[in-house]
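S.K.: This one is structure13.csv, CSV, C-alpha atoms and all ligand atoms.
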chain,number,residue,atom,x,y,z
G,4,MET,CA,-5.5,-23.6,-117.7
G,5,ASN,CA,-2.1,-25.3,-117.4
G,6,THR,CA,0.1,-22.2,-117.0
G,7,LYS,CA,1.9,-22.5,-113.7
G,8,MET,CA,2.2,-19.7,-111.2
G,9,ILE,CA,4.6,-20.8,-108.5
G,10,VAL,CA,4.3,-18.5,-105.5
G,11,LEU,CA,7.3,-18.7,-103.2
G,12,MET,CA,6.6,-17.6,-99.6
G,13,GLY,CA,8.7,-17.7,-96.5
G,14,GLY,CA,10.5,-15.5,-93.9
G,15,GLN,CA,13.6,-13.3,-94.5
G,16,GLY,CA,16.7,-15.2,-95.6
G,17,VAL,CA,14.9,-18.5,-96.0
G,18,GLY,CA,16.3,-18.8,-99.5
G,19,LYS,CA,13.3,-17.9,-101.8
G,20,GLY,CA,15.6,-16.2,-104.3
G,21,THR,CA,18.1,-19.1,-104.4
G,22,GLN,CA,15.4,-21.6,-104.9
G,23,ALA,CA,13.8,-19.4,-107.5
G,24,LYS,CA,17.1,-19.1,-109.5
G,25,LYS,CA,17.7,-22.8,-109.6
G,26,LEU,CA,14.0,-23.5,-110.6
G,27,ILE,CA,14.4,-20.9,-113.4
G,28,ALA,CA,17.7,-22.4,-114.6
G,29,ASP,CA,16.2,-25.9,-114.7
G,30,ASN,CA,12.8,-25.1,-116.1
G,31,GLY,CA,13.0,-21.7,-117.9
G,32,PHE,CA,10.3,-20.1,-115.8
G,33,LYS,CA,9.7,-16.3,-115.9
G,34,TYR,CA,10.4,-14.5,-112.7
G,35,VAL,CA,8.4,-11.8,-110.8
G,36,GLU,CA,10.5,-10.8,-107.8
G,37,ALA,CA,8.6,-8.2,-105.6
G,38,GLY,CA,11.6,-7.0,-103.6
G,39,ALA,CA,13.8,-6.5,-106.6
G,40,ILE,CA,11.2,-4.5,-108.5
G,41,LEU,CA,10.6,-2.3,-105.4
G,42,ARG,CA,14.4,-1.9,-104.9
G,43,SER,CA,14.7,-0.6,-108.5
G,44,LEU,CA,12.4,2.4,-107.7
G,45,PRO,CA,14.1,5.8,-107.1
G,46,LYS,CA,15.8,6.1,-103.7
G,47,GLU,CA,13.9,9.2,-102.8
G,48,SER,CA,10.5,7.6,-103.5
G,49,PRO,CA,8.2,7.1,-100.5
G,50,VAL,CA,8.3,3.3,-101.2
G,51,ALA,CA,12.1,3.3,-100.8
G,52,GLN,CA,11.8,5.0,-97.5
G,53,ILE,CA,9.2,2.5,-96.3
G,54,MET,CA,11.6,-0.3,-97.3
G,55,ALA,CA,14.6,1.3,-95.6
G,56,ARG,CA,12.6,1.2,-92.3
G,57,GLY,CA,11.8,-2.5,-92.9
G,58,GLU,CA,8.1,-1.9,-93.1
G,59,LEU,CA,5.6,-3.3,-95.6
G,60,VAL,CA,4.8,-1.2,-98.7
G,61,PRO,CA,1.0,-0.5,-99.0
G,62,ASP,CA,-1.1,-3.2,-100.8
G,63,GLU,CA,-2.4,-0.7,-103.4
G,64,ASP,CA,1.2,0.0,-104.6
G,65,LEU,CA,1.9,-3.8,-104.8
G,66,PHE,CA,-1.3,-4.5,-106.8
G,67,LYS,CA,-0.2,-2.0,-109.5
G,68,ILE,CA,3.5,-3.1,-109.5
G,69,ILE,CA,2.8,-6.9,-109.4
G,70,GLY,CA,-0.2,-6.7,-111.7
G,71,ASP,CA,1.9,-4.9,-114.3
G,72,ALA,CA,4.8,-7.4,-113.9
G,73,ILE,CA,2.5,-10.4,-114.3
G,74,GLN,CA,0.8,-8.9,-117.2
G,75,LYS,CA,4.2,-8.4,-118.9
G,76,VAL,CA,5.0,-12.1,-118.4
G,77,GLY,CA,1.6,-13.0,-119.8
G,78,GLN,CA,0.4,-16.6,-120.2
G,79,LYS,CA,3.8,-18.3,-119.4
G,80,ASP,CA,4.9,-20.4,-116.5
G,81,MET,CA,6.3,-18.1,-113.8
G,82,ILE,CA,7.6,-17.8,-110.2
G,83,VAL,CA,6.3,-15.0,-108.0
G,84,ASP,CA,8.7,-14.3,-105.1
G,85,GLY,CA,8.0,-12.0,-102.2
G,86,PHE,CA,4.3,-11.5,-103.0
G,87,PRO,CA,1.8,-11.9,-101.3
G,88,ARG,CA,2.8,-10.7,-97.8
G,89,THR,CA,-0.6,-9.7,-96.4
G,90,ILE,CA,-4.0,-11.3,-96.3
G,91,GLY,CA,-5.3,-8.5,-98.7
G,92,GLN,CA,-2.5,-9.4,-101.2
G,93,ALA,CA,-3.2,-13.1,-100.9
G,94,GLN,CA,-6.9,-12.7,-101.5
G,95,TRP,CA,-6.2,-10.3,-104.4
G,96,LEU,CA,-3.8,-12.8,-106.0
G,97,VAL,CA,-6.2,-15.7,-105.9
G,98,LYS,CA,-9.1,-13.5,-107.1
G,99,GLN,CA,-7.2,-12.1,-110.0
G,100,TYR,CA,-5.2,-15.2,-111.2
G,101,ALA,CA,-6.6,-18.5,-110.0
G,102,THR,CA,-8.9,-18.7,-113.0
G,103,ASN,CA,-6.1,-18.3,-115.6
G,104,TYR,CA,-3.1,-19.9,-113.8
G,105,ASN,CA,-2.5,-23.0,-111.9
G,106,ILE,CA,-1.3,-21.4,-108.7
G,107,HIS,CA,0.9,-23.4,-106.3
G,108,VAL,CA,2.0,-21.7,-103.1
G,109,ILE,CA,5.3,-23.1,-101.8
G,110,TYR,CA,5.8,-22.0,-98.2
G,111,LEU,CA,9.4,-22.4,-97.2
G,112,THR,CA,10.0,-22.8,-93.5
G,113,VAL,CA,13.1,-22.6,-91.2
G,114,PRO,CA,13.5,-21.7,-87.6
G,115,LYS,CA,14.0,-18.0,-86.8
G,116,GLN,CA,17.7,-18.5,-85.9
G,117,ILE,CA,18.4,-20.0,-89.4
G,118,MET,CA,16.7,-16.9,-91.0
G,119,LEU,CA,19.2,-14.7,-89.0
G,120,ASP,CA,22.2,-16.9,-90.0
G,121,ARG,CA,21.2,-16.9,-93.6
G,122,ILE,CA,20.9,-13.1,-93.7
G,123,GLN,CA,24.4,-12.9,-92.3
G,124,ASN,CA,25.6,-15.3,-95.1
G,125,ARG,CA,23.8,-13.2,-97.7
G,126,ILE,CA,25.6,-10.1,-96.5
G,127,LYS,CA,29.0,-11.9,-96.7
G,128,GLU,CA,28.2,-13.3,-100.2
G,129,ASN,CA,27.1,-9.9,-101.6
G,130,MET,CA,30.3,-8.3,-100.3
G,131,ALA,CA,32.5,-11.1,-101.5
G,132,ASN,CA,31.1,-10.8,-105.0
G,133,GLY,CA,32.3,-7.2,-105.0
G,134,GLY,CA,28.8,-5.8,-104.5
G,135,THR,CA,27.2,-4.1,-101.5
G,136,ALA,CA,25.1,-5.7,-98.9
G,137,ARG,CA,21.4,-4.7,-98.8
G,138,ALA,CA,21.0,-1.8,-96.4
G,139,ASP,CA,17.9,-3.5,-94.9
G,140,ASP,CA,20.0,-6.5,-94.0
G,141,LEU,CA,22.7,-4.5,-92.2
G,142,ASP,CA,20.6,-2.8,-89.6
G,143,VAL,CA,19.7,-5.2,-86.8
G,144,LYS,CA,16.5,-3.3,-85.8
G,145,VAL,CA,15.3,-3.3,-89.4
G,146,VAL,CA,16.0,-7.0,-89.8
G,147,GLU,CA,14.0,-7.6,-86.5
G,148,ARG,CA,11.1,-5.5,-87.8
G,149,ARG,CA,11.0,-7.4,-91.1
G,150,ILE,CA,11.0,-10.8,-89.4
G,151,ASN,CA,8.4,-9.7,-86.9
G,152,ASN,CA,6.2,-8.5,-89.8
G,153,PHE,CA,6.6,-11.9,-91.4
G,154,PHE,CA,5.3,-13.7,-88.4
G,155,THR,CA,2.5,-11.3,-87.5
G,156,VAL,CA,1.3,-10.0,-90.9
G,157,THR,CA,2.4,-12.6,-93.5
G,158,GLY,CA,1.6,-15.5,-91.1
G,159,PRO,CA,-2.2,-15.0,-91.3
G,160,ALA,CA,-1.9,-14.6,-95.1
G,161,ILE,CA,-0.2,-18.0,-95.3
G,162,GLU,CA,-2.8,-19.6,-93.1
G,163,TRP,CA,-5.5,-18.2,-95.3
G,164,LEU,CA,-3.8,-19.6,-98.4
G,165,ARG,CA,-3.3,-23.0,-96.8
G,166,THR,CA,-7.1,-23.7,-97.0
G,167,ALA,CA,-8.0,-21.4,-99.9
G,168,ASN,CA,-10.1,-22.9,-102.8
G,169,GLY,CA,-8.7,-23.2,-106.3
G,170,ILE,CA,-5.0,-23.2,-105.5
G,171,GLN,CA,-2.3,-25.7,-104.4
G,172,PHE,CA,-0.5,-25.2,-101.2
G,173,SER,CA,2.7,-27.0,-99.9
G,174,GLU,CA,4.8,-26.4,-96.8
G,175,VAL,CA,8.4,-27.3,-97.3
G,176,ASP,CA,11.0,-27.4,-94.5
G,177,VAL,CA,14.2,-26.0,-96.0
G,178,SER,CA,16.4,-25.9,-92.9
G,179,GLU,CA,18.9,-28.5,-94.1
G,180,PHE,CA,22.4,-27.2,-94.5
G,181,GLU,CA,22.8,-28.6,-98.0
G,182,PHE,CA,21.0,-26.5,-100.6
G,183,GLU,CA,20.5,-29.5,-102.9
G,184,ASN,CA,18.5,-31.4,-100.3
G,185,ASN,CA,16.2,-28.5,-99.7
G,186,TYR,CA,15.9,-28.0,-103.5
G,187,ALA,CA,14.9,-31.6,-104.0
G,188,LYS,CA,12.1,-31.2,-101.4
G,189,VAL,CA,10.8,-28.1,-103.3
G,190,CYS,CA,10.8,-30.0,-106.6
G,191,ASN,CA,9.0,-32.9,-105.0
G,192,ALA,CA,6.3,-30.6,-103.6
G,193,LEU,CA,5.9,-29.1,-107.0
G,194,LYS,CA,5.3,-32.6,-108.5
G,195,THR,CA,2.7,-33.6,-105.8
G,196,ARG,CA,-0.9,-32.7,-105.9
G,197,GLN,CA,-1.8,-31.7,-102.3
G,198,LYS,CA,-5.6,-31.3,-102.5
Y,201,LIG,P1,12.5,-8.7,-100.0
Y,201,LIG,O1,13.6,-8.5,-101.0
Y,201,LIG,O2,11.5,-9.7,-100.5
Y,201,LIG,O3,13.0,-9.1,-98.6
Y,201,LIG,O4,11.7,-7.3,-99.8
Y,201,LIG,C1,12.4,-6.2,-99.4
Y,201,LIG,C2,11.4,-5.1,-98.8
Y,201,LIG,O5,10.5,-4.8,-99.9
Y,201,LIG,C3,10.5,-5.6,-97.7
Y,201,LIG,O6,11.1,-5.5,-96.4
Y,201,LIG,C4,9.3,-4.6,-97.9
Y,201,LIG,O7,9.6,-3.3,-97.4
Y,201,LIG,C5,9.2,-4.5,-99.4
Y,201,LIG,N1,8.3,-5.6,-99.9
Y,201,LIG,C6,8.7,-6.6,-100.7
Y,201,LIG,N2,7.6,-7.4,-101.1
Y,201,LIG,C7,6.5,-6.8,-100.5
Y,201,LIG,C8,5.1,-7.1,-100.4
Y,201,LIG,N3,4.6,-8.1,-101.0
Y,201,LIG,N4,4.3,-6.3,-99.7
Y,201,LIG,C9,4.8,-5.2,-99.0
Y,201,LIG,N5,6.1,-4.8,-99.0
Y,201,LIG,C10,7.0,-5.6,-99.7
Spit out the file's structure as structure tokens when you get a sec.
M.R.:
Amino acid sequence: MNTKMIVLMGGQGVGKGTQAKKLIADNGFKYVEAGAILRSLPKESPVAQIMARGELVPDEDLFKIIGDAIQKVGQKDMIVDGFPRTIGQAQWLVKQYATNYNIHVIYLTVPKQIMLDRIQNRIKENMANGGTARADDLDVKVVERRINNFFTVTGPAIEWLRTANGIQFSEVDVSEFEFENNYAKVCNALKTRQK
């Protein structure tokens, strides 16, 4: 049971995607990105409308979507980004996968103000690269709702995972300005057995 499942958790704009991309480039991990899979669904689907409001998509939808994506990857080292976000999702993930994968939750933390700053940077970068900014990043109220959900709904899921049996859990402060410093901390956490 040596197949790794690295689960990246953290608030909006914390840099999960950027950390994931570098980990993938360096290690060749497969990637299951909840937000990107959900964004690829048709714009008129109920899920897209829930996302536009900055609310969480129901657990049952995520179980199907993430279950299919993990099954597609199979028994290969992977990063799961943006899932779980609720206690129900966290318990489901451990129940379904802790037997066949070596699950290591990496909880990336920054103060709320840095989340807001990094979302602004993401908007600028997306536009500078000739693309369009994410609609859910542009509306201040939607951003506020997403961050609020992170603290009130995902927070308890993180606390449950912190002491859950059969998985590894590390909290990593990634509030340094230099990405490389934050990345080094993530790599260190991945090398260390916490419990
Ligand atoms: P993200 O790209 O991770 O910021 O996700 C964008 C949006 O997708 C979120 O604001 C939610 O509406 C939805 N979403 C992503 N992951 C989940 C999840 N695990 N549970 C529920 N909703 C999710």
S.K.: With only C-alpha atoms and all ligand atoms as the atoms that count, which of G:Ser178, G:Thr102, G:Thr195, G:Thr89 lies nearest to ligand LIG 201 (chain Y)?
M.R.: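 That would be G:Thr89, the residue with the smallest distance to ligand LIG 201 (chain Y).
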S.K.: Rank G:Ala37, G:Val10, G:Val76, G:Val50 by their smallest atom-to-atom distance to Ile161 (chain G), using all atoms listed in the file, and report the top residue only.
M.R.: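 Looking only at the distances to Ile161 (chain G), the closest residue turns out to be G:Val10.
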S.K.: Go through G:Ile106, G:Met8, G:Ala55, G:Ile90 and flag the residue nearest Gly158 (chain G), using all atoms listed in the file for the distances.
M.R.: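 Result for the nearest residue to Gly158 (chain G): G:Ile90.
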S.K.: What residues of the protein or nucleic acid chains come within 8 Å of ligand LIG 201 (chain Y) when you use only C-alpha atoms and all ligand atoms? Reply as a ChimeraX atom specification.
M.R.: /G:15-16,36-39,41-42,50-51,53-62,65,84-89,92,139,149
S.K.: Keeping only C-alpha atoms, write the selected residues to a file as a compact mmCIF listing (two decimals), keeping the file's coordinate frame.
M.R.:
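Once written, part39.txt looks like this:
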# COMPACT_ATOMS: atom_id res chain seq x y z
CA GLN G 15 13.60 -13.30 -94.50
CA GLY G 16 16.70 -15.20 -95.60
CA GLU G 36 10.50 -10.80 -107.80
CA ALA G 37 8.60 -8.20 -105.60
CA GLY G 38 11.60 -7.00 -103.60
CA ALA G 39 13.80 -6.50 -106.60
CA LEU G 41 10.60 -2.30 -105.40
CA ARG G 42 14.40 -1.90 -104.90
CA VAL G 50 8.30 3.30 -101.20
CA ALA G 51 12.10 3.30 -100.80
CA ILE G 53 9.20 2.50 -96.30
CA MET G 54 11.60 -0.30 -97.30
CA ALA G 55 14.60 1.30 -95.60
CA ARG G 56 12.60 1.20 -92.30
CA GLY G 57 11.80 -2.50 -92.90
CA GLU G 58 8.10 -1.90 -93.10
CA LEU G 59 5.60 -3.30 -95.60
CA VAL G 60 4.80 -1.20 -98.70
CA PRO G 61 1.00 -0.50 -99.00
CA ASP G 62 -1.10 -3.20 -100.80
CA LEU G 65 1.90 -3.80 -104.80
CA ASP G 84 8.70 -14.30 -105.10
CA GLY G 85 8.00 -12.00 -102.20
CA PHE G 86 4.30 -11.50 -103.00
CA PRO G 87 1.80 -11.90 -101.30
CA ARG G 88 2.80 -10.70 -97.80
CA THR G 89 -0.60 -9.70 -96.40
CA GLN G 92 -2.50 -9.40 -101.20
CA ASP G 139 17.90 -3.50 -94.90
CA ARG G 149 11.00 -7.40 -91.10
S.K.: Would you compute the distance between CA of Thr157 (chain G) and CA of Phe32 (chain G)? Give it in Å to one decimal.
M.R.: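 We find that CA of Thr157 (chain G) and CA of Phe32 (chain G) lie 24.8 Å from each other.
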S.K.: Which residue is closest to Leu193 (chain G)? Choose from G:Glu179, G:Phe66, G:Glu174, G:Arg137 and count only C-alpha atoms.
M.R.: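 Among G:Glu179, G:Phe66, G:Glu174, G:Arg137, it is G:Glu174 that comes nearest to Leu193 (chain G).
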S.K.: Can you measure CA of Asp140 (chain G) to CA of Lys33 (chain G) for me? One decimal in Å is fine.
M.R.: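 Separation between CA of Asp140 (chain G) and CA of Lys33 (chain G): 26.1 Å.
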S.K.: For a quick check of understanding, using all atoms listed in the file, which of G:Val145, G:Val17, G:Leu26, G:Ile82 has the smallest distance to Val189 (chain G)?
M.R.: G:Leu26
S.K.: Given all atoms listed in the file as the basis, pick out the residue of G:Ala187, G:Ile126, G:Ile170, G:Gly77 nearest to Ala138 (chain G).
M.R.: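 Of all the options, G:Ile126 lies closest to Ala138 (chain G).
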S.K.: Got a sec: who's within 10 Å of Val175 (chain G), counting only C-alpha atoms, leaving out chain neighbours fewer than 6 positions off, as a ChimeraX atom specification?
M.R.: /G:13,109-113,185-186,188-192
